[in-house]
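Student: This is the structure I have questions about; it appears just below.
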Amino acid sequence: MSGHNKWSQIKHKKAKEDSKKGKAFTKLIKEISVAAKSGGGDPNHNPHLRLLLDKAKQINMPQENSQRAIKRGTGELPGVSYEHLTYEGYGPFGIAVMVELLSDNKNRTVAEMRRLFTAGGGTLGEAGSVNWMFERKGVIRALVPHATEDEILELCIDDDINIDDIKVDDSVTLVCDPKDLFRARTLVENLKGTVEDANLEWVAKGKTELSDEQSTKAYEFLEALDNHEDVQNLFTNLA
């Protein structure tokens, strides 16, 4: 269930490559600014901000970049005001797509999203057109040497963490109730694990299978969306 699909793996690998090139900085700076604006600039009292600052450290973003973003969010420094947007629709061959964005110009962004969906053989839908196919979940990806599914599950049960799915191979992917995301992350860290990603995600309830040829076109469409400067997160039911 947990987004253990090929697109998730491609996206995760791409995020690592982008972080090396510094491409992830711009997106993360936007997120930090918005998080500080909505929840305050103190990470001790703003869990979402704390999570973003941890992510900034993981991709080696200079601390002054984070601090400037926080100050823009709290109004201590002038800056652009960003708006959270979520668009949904169908990609090529009927795959369902959820797109989360931060934009300073909604009209421009929706026009560009409509163009990208149409060019890729899809259709930008109305609110609610595909989100019923997804559930909001906490998703953690981590490197946890020697951990087993049974061990992690037992610890989650002991800590009363609501786990939907666990997959252990080269890394650990853990899907949980959104309210348990931070406690589940702490549990993984206590196992001496290295958390690579911990976010709230739209997880597909079911998967759409495509042929290899169809999948190639679908991946090209998803990558074009993901490369848009306003796109923060992208989710699909493509297997």
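Residue numbering restarts at 1 in every chain; chains get A, B, ... in the order shown in the structure tokens, and ligands count up from 1 in that same order.
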Show which residues sit within 9 Å of Leu225 (chain A), as a ChimeraX atom specification. Count only C-alpha atoms, and ignore same-chain residues fewer than 6 positions away.
Tutor: /A:99,113,116-117,231,234
Student: Can you spit out the residues from that selection as a compact mmCIF listing (two decimals), in the first residue's frame, using N, CA, C and O atoms?
Tutor:
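Done, and the output landed in result_16.txt:
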# COMPACT_ATOMS: atom_id res chain seq x y z
N VAL A 99 -1.08 16.96 -6.79
CA VAL A 99 0.08 17.86 -6.85
C VAL A 99 -0.06 18.92 -5.76
O VAL A 99 -1.08 19.62 -5.70
N MET A 113 -0.16 24.45 -14.82
CA MET A 113 -0.53 23.08 -14.51
C MET A 113 -1.47 22.51 -15.58
O MET A 113 -1.30 21.37 -16.03
N LEU A 116 0.64 21.64 -18.61
CA LEU A 116 1.46 20.45 -18.42
C LEU A 116 0.61 19.17 -18.45
O LEU A 116 1.03 18.16 -19.03
N PHE A 117 -0.57 19.22 -17.83
CA PHE A 117 -1.45 18.05 -17.86
C PHE A 117 -1.88 17.74 -19.30
O PHE A 117 -1.82 16.59 -19.75
N VAL A 231 6.06 23.25 -7.72
CA VAL A 231 5.64 21.95 -7.21
C VAL A 231 6.51 21.52 -6.03
O VAL A 231 7.73 21.48 -6.14
N LEU A 234 4.44 15.51 -5.24
CA LEU A 234 3.66 14.92 -6.31
C LEU A 234 3.39 13.46 -5.97
O LEU A 234 4.29 12.72 -5.64
Student: Using only C-alpha atoms, find the one residue out of A:Asp226, A:Asn105, A:Gly91, A:Leu155 that sits nearest to Gly120 (chain A).
Tutor: A:Gly91
Student: Calculated over only C-alpha atoms, which of the candidates A:Leu28, A:Leu53, A:Met133, A:Ala147 has the smallest distance to Glu189 (chain A)?
Tutor: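 Among the listed residues, A:Ala147 lies closest to Glu189 (chain A).
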Student: Could you state the separation of CA of Leu124 (chain A) and CA of Lys137 (chain A) in Å, given to one decimal place?
Tutor: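 Between CA of Leu124 (chain A) and CA of Lys137 (chain A) the gap works out to 23.4 Å.
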Student: Of the candidates A:Ile95, A:Leu85, A:Leu77, A:Ala111, which shows the shortest atom-to-atom distance to Leu238 (chain A), using only C-alpha atoms?
Tutor: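 Looking only at the distances to Leu238 (chain A), the closest residue turns out to be A:Ile95.
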Student: Nearest to Ile163 (chain A): which of A:Lys207, A:Arg183, A:Lys71, A:His146 is it, counting only C-alpha atoms?
Tutor: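 Among A:Lys207, A:Arg183, A:Lys71, A:His146, it is A:Arg183 that comes nearest to Ile163 (chain A).
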Student: Which value, in Å to one decimal, gives the distance between CA of His84 (chain A) and CA of Ala96 (chain A)?
Tutor: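 Taking CA of His84 (chain A) as the start and CA of Ala96 (chain A) as the end point, the length is 20.2 Å.
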